[in-house]
Structure formats: C-alpha cells, structure tokens
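Pasting run24.cif here (mmCIF, C-alpha atoms):
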data_my_file
loop_
_atom_site.label_atom_id
_atom_site.label_comp_id
_atom_site.auth_asym_id
_atom_site.auth_seq_id
_atom_site.Cartn_x
_atom_site.Cartn_y
_atom_site.Cartn_z
CA MET P 1 49.32 110.40 -20.75
CA PRO P 2 47.35 110.88 -17.52
CA THR P 3 49.38 111.85 -14.47
CA THR P 4 49.37 108.36 -12.93
CA THR P 5 48.16 105.05 -14.32
CA VAL P 6 47.99 101.99 -12.08
CA CYS P 7 47.03 98.50 -13.18
CA PHE P 8 45.84 95.76 -10.83
CA ILE P 9 47.09 92.41 -12.03
CA ASN P 10 47.23 88.78 -11.00
CA GLN P 11 46.81 85.66 -13.11
CA LYS P 12 44.40 84.09 -10.63
CA GLY P 13 40.71 84.85 -10.25
CA GLY P 14 39.17 85.78 -6.90
CA CYS P 15 42.16 87.86 -5.81
CA GLY P 16 40.19 91.06 -5.35
CA LYS P 17 41.36 92.93 -8.46
CA SER P 18 37.93 94.23 -9.45
CA SER P 19 36.79 94.90 -5.89
CA SER P 20 40.00 96.74 -5.03
CA THR P 21 39.81 98.86 -8.18
CA TYR P 22 36.14 99.63 -7.57
CA HIS P 23 36.33 100.65 -3.92
CA LEU P 24 39.73 102.31 -4.25
CA GLY P 25 38.42 104.42 -7.10
CA GLY P 26 35.62 105.61 -4.86
CA ALA P 27 38.04 106.38 -2.01
CA LEU P 28 40.29 108.43 -4.28
CA ALA P 29 37.31 110.33 -5.69
CA VAL P 30 36.20 111.21 -2.15
CA LYS P 31 39.69 112.62 -1.58
CA GLY P 32 39.17 115.00 -4.49
CA ARG P 33 41.03 113.09 -7.22
CA ASN P 34 39.56 112.91 -10.68
CA VAL P 35 39.56 109.17 -11.32
CA LEU P 36 39.16 107.14 -14.48
CA LEU P 37 38.54 103.42 -14.05
CA VAL P 38 39.36 101.17 -16.98
CA ASP P 39 37.68 97.78 -17.18
CA CYS P 40 40.18 95.65 -19.06
CA ASP P 41 38.47 92.34 -18.28
CA PRO P 42 36.05 90.76 -20.80
CA GLN P 43 34.01 89.55 -17.82
CA GLY P 44 33.07 93.21 -17.24
CA SER P 45 32.81 92.86 -13.45
CA LEU P 46 34.00 96.40 -12.76
CA SER P 47 31.48 97.83 -15.24
CA GLN P 48 28.65 95.68 -13.87
CA ALA P 49 29.43 96.95 -10.37
CA PHE P 50 28.17 100.37 -11.45
CA PHE P 51 25.53 99.61 -14.06
CA GLY P 52 24.36 96.04 -13.54
CA SER P 53 24.95 92.96 -15.68
CA ALA P 54 22.08 93.45 -18.15
CA ALA P 55 23.06 97.00 -19.07
CA VAL P 56 26.72 96.09 -19.53
CA GLU P 57 26.11 92.91 -21.48
CA ASN P 58 23.91 94.83 -23.93
CA LEU P 59 26.58 97.39 -24.75
CA SER P 60 27.87 97.28 -28.30
CA ALA P 61 31.56 96.79 -28.94
CA ARG P 62 31.83 100.42 -30.06
CA GLU P 63 30.77 101.55 -26.58
CA THR P 64 33.40 99.51 -24.77
CA LEU P 65 37.14 98.94 -24.59
CA ALA P 66 36.76 96.55 -27.54
CA ALA P 67 36.62 99.64 -29.77
CA VAL P 68 40.24 100.36 -28.83
CA PHE P 69 41.33 96.91 -30.05
CA ASP P 70 39.09 96.63 -33.13
CA PRO P 71 40.75 98.11 -36.23
CA ASP P 72 37.36 98.29 -37.97
CA ALA P 73 35.96 100.54 -35.23
CA MET P 74 38.08 103.42 -36.56
CA LEU P 75 38.06 105.05 -33.12
CA ASP P 76 38.99 108.70 -33.63
CA ASN P 77 38.15 109.93 -30.12
CA PRO P 78 38.91 107.45 -27.31
CA ALA P 79 37.69 109.99 -24.74
CA ARG P 80 34.09 109.30 -25.79
CA LEU P 81 34.40 105.82 -24.29
CA ALA P 82 34.84 107.24 -20.77
CA VAL P 83 31.41 107.69 -19.20
CA PRO P 84 30.28 109.01 -15.79
CA THR P 85 29.57 106.43 -13.11
CA GLY P 86 27.02 108.64 -11.37
CA PHE P 87 29.52 109.54 -8.65
CA GLU P 88 31.39 112.81 -8.64
CA ARG P 89 34.94 112.74 -10.05
CA LEU P 90 34.61 109.07 -11.01
CA SER P 91 34.33 107.86 -14.62
CA ILE P 92 34.79 104.49 -16.29
CA LEU P 93 35.79 102.98 -19.59
CA ARG P 94 33.57 99.89 -19.74
CA ALA P 95 34.10 96.35 -21.01
CA ASN P 96 32.04 93.26 -21.73
CA GLN P 97 32.31 90.01 -23.67
CA THR P 98 33.02 91.87 -26.92
CA LEU P 99 36.60 92.33 -25.67
CA ALA P 100 37.20 88.58 -25.37
CA PRO P 101 38.22 87.89 -29.00
CA TYR P 102 41.03 90.44 -28.69
CA ASN P 103 42.43 89.08 -25.42
CA ARG P 104 44.80 86.67 -27.11
CA PRO P 105 47.68 84.72 -25.53
CA GLU P 106 51.32 85.39 -26.45
CA PRO P 107 50.83 89.17 -26.41
CA GLU P 108 54.50 89.87 -27.13
CA ARG P 109 53.84 88.66 -30.68
CA GLU P 110 51.10 91.22 -31.28
CA GLY P 111 53.29 93.98 -32.68
CA LEU P 112 51.80 97.44 -32.33
CA ASN P 113 48.65 95.93 -30.83
CA GLN P 114 50.61 95.78 -27.58
CA PHE P 115 50.33 99.55 -27.28
CA LEU P 116 46.68 100.14 -28.19
CA LEU P 117 45.54 100.97 -24.65
CA ARG P 118 48.57 103.19 -24.02
CA ASP P 119 47.82 105.19 -27.15
CA ALA P 120 44.11 105.45 -26.32
CA LEU P 121 44.76 106.70 -22.79
CA SER P 122 47.21 109.29 -24.10
CA ASP P 123 44.20 110.92 -25.80
CA ILE P 124 42.07 110.94 -22.64
CA THR P 125 42.86 113.89 -20.40
CA GLY P 126 41.48 115.56 -17.29
CA TYR P 127 42.11 112.75 -14.81
CA ASP P 128 44.54 112.69 -11.90
CA ILE P 129 44.75 108.93 -11.72
CA VAL P 130 43.71 105.96 -13.86
CA LEU P 131 43.06 102.55 -12.30
CA ILE P 132 42.99 99.54 -14.64
CA ASP P 133 41.28 96.29 -13.67
CA CYS P 134 42.88 93.35 -15.50
CA PRO P 135 41.52 89.87 -16.28
CA PRO P 136 42.79 86.78 -14.40
CA ASN P 137 45.41 85.96 -17.03
CA LEU P 138 48.50 87.49 -18.62
CA TYR P 139 47.13 87.77 -22.15
CA LEU P 140 46.92 90.79 -24.42
CA ALA P 141 44.55 92.82 -22.23
CA SER P 142 46.77 92.58 -19.16
CA TRP P 143 49.87 93.13 -21.29
CA ASN P 144 48.34 96.29 -22.76
CA ALA P 145 47.53 97.47 -19.26
CA MET P 146 51.12 97.05 -18.12
CA LEU P 147 52.48 98.85 -21.16
CA ALA P 148 50.03 101.71 -20.52
CA SER P 149 50.83 102.03 -16.81
CA SER P 150 53.51 103.58 -14.66
CA HIS P 151 52.62 101.46 -11.63
CA VAL P 152 51.35 97.96 -10.97
CA VAL P 153 49.67 96.58 -7.85
CA VAL P 154 49.34 92.83 -7.29
CA PRO P 155 46.32 91.92 -5.12
CA VAL P 156 47.05 88.76 -3.12
CA PRO P 157 44.58 86.92 -0.86
CA PRO P 158 46.32 85.15 2.05
CA GLU P 159 45.32 81.69 0.92
CA ASP P 160 46.72 78.99 -1.35
CA PHE P 161 49.97 80.91 -1.51
CA GLY P 162 52.80 79.69 -3.72
CA ALA P 163 55.88 81.76 -4.49
CA GLN P 164 56.16 80.20 -7.91
CA GLY P 165 52.66 81.35 -8.86
CA LEU P 166 53.45 84.95 -8.06
CA ARG P 167 56.82 84.59 -9.72
CA VAL P 168 55.12 84.22 -13.10
CA VAL P 169 53.34 87.53 -12.49
CA HIS P 170 56.60 89.19 -11.50
CA GLN P 171 58.31 87.84 -14.59
CA ALA P 172 55.55 89.30 -16.76
CA ILE P 173 55.98 92.68 -15.04
CA GLU P 174 59.73 92.51 -15.61
CA GLN P 175 59.24 91.64 -19.29
CA ALA P 176 56.72 94.46 -19.73
CA SER P 177 59.16 96.91 -18.16
CA GLN P 178 61.57 96.20 -21.02
CA LEU P 179 59.07 97.82 -23.38
CA ASN P 180 57.77 100.29 -20.79
CA PRO P 181 60.66 101.50 -18.59
CA ARG P 182 58.22 103.66 -16.59
CA LEU P 183 56.56 100.56 -15.15
CA HIS P 184 57.39 99.73 -11.55
CA LEU P 185 55.92 97.41 -8.97
CA THR P 186 54.15 99.61 -6.45
CA GLY P 187 53.42 96.70 -4.15
CA HIS P 188 51.37 93.66 -3.21
CA LEU P 189 48.00 94.41 -1.64
CA VAL P 190 46.73 91.71 0.71
CA THR P 191 43.00 91.28 0.18
CA ARG P 192 40.15 89.27 1.74
CA TYR P 193 42.06 88.97 5.01
CA ASP P 194 40.38 87.45 8.05
CA GLY P 195 42.58 87.82 11.12
CA ARG P 196 40.49 85.26 13.00
CA LEU P 197 41.86 82.52 10.75
CA ALA P 198 45.22 81.05 11.70
CA VAL P 199 45.91 80.20 8.07
CA HIS P 200 45.47 83.85 7.08
CA ARG P 201 47.80 85.03 9.81
CA ALA P 202 50.37 82.44 8.76
CA TYR P 203 50.14 83.38 5.10
CA MET P 204 50.45 87.06 6.00
CA GLN P 205 53.66 86.33 7.88
CA LYS P 206 54.92 84.28 4.94
CA LEU P 207 54.16 87.05 2.47
CA ARG P 208 55.89 89.70 4.55
CA SER P 209 58.93 87.49 5.09
CA LEU P 210 59.29 86.91 1.34
CA TYR P 211 58.35 90.32 -0.05
CA HIS P 212 59.17 92.68 2.82
CA GLU P 213 58.35 96.33 2.08
CA SER P 214 56.60 95.49 -1.16
CA ILE P 215 53.60 94.33 0.91
CA PHE P 216 51.20 97.19 1.62
CA GLU P 217 50.93 98.01 5.30
CA ALA P 218 47.19 98.52 4.82
CA VAL P 219 45.31 95.22 4.52
CA VAL P 220 41.88 94.78 2.93
CA PRO P 221 39.70 92.63 5.20
CA GLU P 222 36.98 90.18 4.29
CA ALA P 223 34.14 92.52 5.26
CA SER P 224 30.43 92.32 4.52
CA ALA P 225 30.31 96.08 3.93
CA PHE P 226 32.14 95.60 0.63
CA LYS P 227 29.55 93.11 -0.58
CA VAL P 228 26.60 95.18 0.63
CA ALA P 229 27.96 98.28 -1.12
CA LEU P 230 28.55 96.29 -4.29
CA THR P 231 24.99 94.99 -4.21
CA CYS P 232 23.85 98.62 -4.11
CA ARG P 233 26.21 99.44 -7.00
CA THR P 234 27.98 102.02 -4.86
CA PRO P 235 31.62 102.12 -3.71
CA VAL P 236 31.85 101.56 0.04
CA SER P 237 33.34 105.05 0.47
CA HIS P 238 29.99 106.46 -0.65
CA HIS P 239 27.56 103.81 0.60
CA MET P 240 28.93 103.31 4.13
CA PRO P 241 31.50 106.08 4.67
CA GLY P 242 31.72 105.45 8.41
CA SER P 243 32.34 101.71 8.12
CA LYS P 244 35.60 99.95 8.87
CA ALA P 245 35.74 98.88 5.22
CA ALA P 246 35.54 102.48 4.01
CA LYS P 247 38.25 103.52 6.46
CA VAL P 248 40.50 100.70 5.27
CA MET P 249 40.08 101.74 1.63
CA ALA P 250 40.93 105.31 2.62
CA GLU P 251 44.11 103.95 4.21
CA VAL P 252 44.91 101.96 1.08
CA SER P 253 44.40 105.04 -1.08
CA ASP P 254 46.70 107.09 1.18
CA GLU P 255 49.38 104.42 1.04
CA LEU P 256 49.04 104.03 -2.72
CA LEU P 257 49.51 107.77 -3.23
CA ALA P 258 52.48 107.77 -0.84
CA ARG P 259 54.10 104.85 -2.64
CA ILE P 260 53.58 106.56 -5.98
CA ALA P 261 55.20 109.72 -4.66
CA SER P 262 58.17 107.90 -3.12
CA THR P 263 61.03 105.98 -4.65
CA PHE P 264 59.78 103.08 -6.73
CA LEU P 265 60.29 99.52 -5.58
CA PRO P 266 62.32 97.17 -7.79
CA VAL P 267 60.34 95.40 -10.48
CA ILE P 268 61.14 92.08 -8.81
CA PRO P 269 60.89 92.25 -4.99
CA PRO P 270 63.49 90.67 -2.72
CA GLY P 271 63.04 86.99 -2.01
CA ASP P 272 61.10 86.24 -5.17
CA MET P 273 63.57 84.55 -7.45
CA GLU P 274 64.87 81.00 -7.64
CA THR P 275 65.85 80.41 -4.00
CA SER P 276 62.51 81.39 -2.51
CA ALA P 277 60.45 80.04 -5.38
CA THR P 278 61.96 76.57 -5.16
CA LYS P 279 61.50 76.20 -1.41
CA LYS P 280 57.72 75.84 -1.77
CA GLN P 281 57.35 75.81 1.96
CA SER P 282 53.90 74.93 3.24
CA VAL P 283 52.08 77.12 5.71
CA GLY P 284 50.43 75.99 8.94
#

Just give me the structure as structure tokens.
Amino acid sequence: MPTTTVCFINQKGGCGKSSSTYHLGGALAVKGRNVLLVDCDPQGSLSQAFFGSAAVENLSARETLAAVFDPDAMLDNPARLAVPTGFERLSILRANQTLAPYNRPEPEREGLNQFLLRDALSDITGYDIVLIDCPPNLYLASWNAMLASSHVVVPVPPEDFGAQGLRVVHQAIEQASQLNPRLHLTGHLVTRYDGRLAVHRAYMQKLRSLYHESIFEAVVPEASAFKVALTCRTPVSHHMPGSKAAKVMAEVSDELLARIASTFLPVIPPGDMETSATKKQSVG
C-alpha cells in the first residue's frame, strides 16, 4: 500500500472535491512529493482537468479505473493504469463514463468488490501520497475509496449547511472504518469561501462551533485563479505560483501533511451526533 492514501468525499456535488484534489495534488508535487491522483468519479472531472473532455471520454474502459472493477478485464498490472499528467511527480489513474455501471448503491452488499481499489493500489508503488477524488454519492466507488484509504477529507462549502446532511457522510465513514480500521477523519476542508459574504462568515462560524478542530485552519477561497488555471489544464501551483490561490493550496498541503503526521481525529467529530443534528439551526 502507498505510504498515505487520502480520499475526498461528500455526497453533494459542487463541494470542491475535484478542484481540491487537482490543485492540492499540484501543490504537493511542487513540494517534492510523488503524487498519484485517482479519479474515482464516473464524471471524470479530475481526468478532464488534465487532458480535456474529448480525450477522456474516448478512453476505453481498459484504460481507466473501470478496468479495476470489471472482472472481464483480467487486469494483471494495475500500475499500467497510472499515467503521467505532464507535470513532474504527478500521475493520475483516469476515469470516465465506463465506470458508471460499477458504481452501484448498497456497496456493503458487494462482497469482495468492496476491496477492488484497495487491492489495485497495493500493487502500485513509488508514490508518497495518493489522493482519491470521489463522486457526489456514497455508492460503491466512494465506498471502495474509503476502504482503500487511511485518511478522509470532507470538502464543505459554507453554504446550504445542514448538520444532518454531513451526518450521513460521517456515518458512512464510521461504517467504512469497521472494515478498514486504518481509516480516520483527517478533517473538513472549507471550500469556495468568500469572506465578503455575511452568509459565508456565518456558516464558517457555525461549522467551527460544531466541528471544532476537525475544520482545517486553511480555507480555500472562491478565487478566479483556480478557474483560470483549470481552463489552462494546469494546477494553480504551476500556472500561477505567485497567486493567493497557489499560496492557499500550499497552506492546505502543509496542514494536510501535519494532520496526517499528528494524532488522528475521531471518526465522528464532536458535536455531530443526535443533539447537534436535530437542532437544525438556521444561519443568518
């Protein structure tokens, strides 16, 4: 198994999972880490960020993560699926729509299929850290990611916050940890933050009051530099290294590495269970 495997998970779309994985991978590579990105989402957004939609959509199933899940693929060397991104020390295992048929609900009923990604990654060596981008659901792909990981990060935008919504994610992490005792919640990463908005400031305060130290100190802003870099198919650390966005991702990478090196947080953070979840307090 690679030294450290981190999955980015949330059951909602638009939380910044793919963007965080993409730009954080670049930041870690700049710091000298050998990074493998794993696109575990049938939408293939992380893969398209490097190669464009046409190139990714035209990949055969045998060239993507689908080969790990397809018993007919007879994949004897998972390492061949990891390809260079064009940036030093940064590789990716790609995905596209061919993964969709395997991303089934009720993953706990899938038997040994729950461990397909874990087993594949155990055969891929030479990386310091693996970052897994998950789809916006808790089906088999996300479940595989949790069972293959030692750490999980939950990206959370400071909008439309409901403790009960995150509670489902936490419950899934707790259930996965029963099969994978190495899995721990590394923290919640606030994404798409705009400090000019009162609602964002209020949600930030709400998040920190509920989840305390499990919220990353570093906050990912809503910055145009991320979108410009993505348009150029280049992580912001490489495209605009002097930008505020690049500096923030460097801070996030430092904090992630520090959290990995320190004592793990509980699987379920303080303030998350029934009392907090049933309050459903509104913000603003």

Can you list, as an MDAnalysis selection string, every protein, DNA or RNA residue that comes within 10 Å of Leu230 in chain P when you count all atoms listed in the file, leaving out same-chain residues fewer than 2 positions away? chainID P and resid 19 22:23 48:50 224:228 232:236 239

Apply the PyMOL selection byres ((chain P and resi 83) around 10) to the file shown and report the selected residues as an mmCIF file with C-alpha atoms, in the frame of the given file.
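Contents of part.cif, as written:
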data_model
loop_
_atom_site.group_PDB
_atom_site.id
_atom_site.type_symbol
_atom_site.label_atom_id
_atom_site.label_comp_id
_atom_site.auth_asym_id
_atom_site.auth_seq_id
_atom_site.Cartn_x
_atom_site.Cartn_y
_atom_site.Cartn_z
ATOM 1 C CA LEU P 36 39.160 107.140 -14.480
ATOM 2 C CA LEU P 37 38.540 103.420 -14.050
ATOM 3 C CA GLU P 63 30.770 101.550 -26.580
ATOM 4 C CA ALA P 79 37.690 109.990 -24.740
ATOM 5 C CA ARG P 80 34.090 109.300 -25.790
ATOM 6 C CA LEU P 81 34.400 105.820 -24.290
ATOM 7 C CA ALA P 82 34.840 107.240 -20.770
ATOM 8 C CA PRO P 84 30.280 109.010 -15.790
ATOM 9 C CA THR P 85 29.570 106.430 -13.110
ATOM 10 C CA GLY P 86 27.020 108.640 -11.370
ATOM 11 C CA LEU P 90 34.610 109.070 -11.010
ATOM 12 C CA SER P 91 34.330 107.860 -14.620
ATOM 13 C CA ILE P 92 34.790 104.490 -16.290
ATOM 14 C CA LEU P 93 35.790 102.980 -19.590
ATOM 15 C CA ARG P 94 33.570 99.890 -19.740
#

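Evaluated on this file, the PyMOL selection byres ((chain P and resi 32) around 10) matches Ala27, Leu28, Ala29, Val30, Lys31, Arg33, Asn34, Val35, Glu88, Arg89, Leu90 and Asp128 of chain P.
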
Of the candidates P:Ser149, P:Ala223, P:Leu99, P:Ser209, which shows the shortest atom-to-atom distance to Gly195 in chain P, using only C-alpha atoms?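 Smallest distance to Gly195 in chain P is found for P:Ala223.
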
Please work out which residues fall within 7 Å of (45.6, 105.1, -11.6), coordinates as given in the file, with all atoms listed in the file counting, and return them as an NGL selection string. :P and (4-7 or 129-132)

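For the file shown, the residue list from the PyMOL selection byres ((chain P and resi 255) around 12) reads Leu24, Ala27, Leu28, Val153, Thr186, Gly187, His188, Leu189, Ser214, Ile215, Phe216, Glu217, Ala218, Val219, Val248, Met249, Ala250, Glu251, Val252, Ser253, Asp254, Leu256, Leu257, Ala258, Arg259, Ile260, Ala261 and Ser262 of chain P.
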
Exercise: Gly52 in chain P partners within 10 Å, all atoms listed in the file, chain neighbours under 5 positions left out, as an MDAnalysis selection string: chainID P and resid 44:47 57 231:233

To one decimal in Å, tell me the separation between CA of Ala141 in chain P and CA of Leu116 in chain P.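 A separation of 9.7 Å between them.
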
What is the distance, in Å and to one decimal place, between CA of Val190 in chain P and CA of Ala229 in chain P?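 These atoms are spaced 20.0 Å apart.
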
Atom pair CA of Asn180 in chain P / CA of Thr21 in chain P: separation (Å):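 These atoms are spaced 22.0 Å apart.
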
Spatial neighbours of Gln114 in chain P, 10 Å, only C-alpha atoms, chain gap at least 5 places, as a PDB file with C-alpha atoms, in the frame of the given file:
ATOM      1  CA  PHE P  69      41.330  96.910 -30.050  1.00  0.00           C
ATOM      2  CA  PRO P 107      50.830  89.170 -26.410  1.00  0.00           C
ATOM      3  CA  GLU P 108      54.500  89.870 -27.130  1.00  0.00           C
ATOM      4  CA  ARG P 109      53.840  88.660 -30.680  1.00  0.00           C
ATOM      5  CA  ASP P 119      47.820 105.190 -27.150  1.00  0.00           C
ATOM      6  CA  LEU P 140      46.920  90.790 -24.420  1.00  0.00           C
ATOM      7  CA  ALA P 141      44.550  92.820 -22.230  1.00  0.00           C
ATOM      8  CA  SER P 142      46.770  92.580 -19.160  1.00  0.00           C
ATOM      9  CA  TRP P 143      49.870  93.130 -21.290  1.00  0.00           C
ATOM     10  CA  ASN P 144      48.340  96.290 -22.760  1.00  0.00           C
ATOM     11  CA  ALA P 145      47.530  97.470 -19.260  1.00  0.00           C
ATOM     12  CA  MET P 146      51.120  97.050 -18.120  1.00  0.00           C
ATOM     13  CA  LEU P 147      52.480  98.850 -21.160  1.00  0.00           C
ATOM     14  CA  ALA P 148      50.030 101.710 -20.520  1.00  0.00           C
ATOM     15  CA  LEU P 179      59.070  97.820 -23.380  1.00  0.00           C
TER      16      LEU P 179
END

What's the 12 Å shell around Ala198 in chain P, counting only C-alpha atoms, without same-chain residues fewer than 3 positions away, as a list in words?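 My list of contacting residues is Pro158, Glu159, Tyr193, Asp194, Gly195, Arg201, Ala202, Tyr203, Met204, Gln205, Val283 and Gly284 of chain P.
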
Show me, as JSON, the centre and edge lengths in Å to one decimal of the axis-aligned box that covers every listed atom of range 110-123 of chain P with 5 Å on each side.
{"center_x": 48.7, "center_y": 101.1, "center_z": -27.7, "size_x": 19.2, "size_y": 29.7, "size_z": 19.9}

For Ile173 in chain P, which of P:Gly14, P:Ser150, P:Thr64, P:His238 is the closest residue, counting all atoms listed in the file?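 Of all the options, P:Ser150 lies closest to Ile173 in chain P.
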
Gln97 in chain P surroundings by only C-alpha atoms, 10 Å radius, close-in-sequence under 5 positions cut, as number ranges by chain: P: 41-44, 56-61, 64, 66

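Restricting the calculation to only C-alpha atoms, the smallest distance between Pro155 in chain P and any of P:Ala246, P:Leu207, P:Val169, P:Ile9 is found for P:Ile9.
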
Pick from P:Leu117, P:Ala100, P:Leu75, P:Val154: nearest to Ser18 in chain P, with only C-alpha atoms counted?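 So, comparing all the options, the nearest one is P:Val154.
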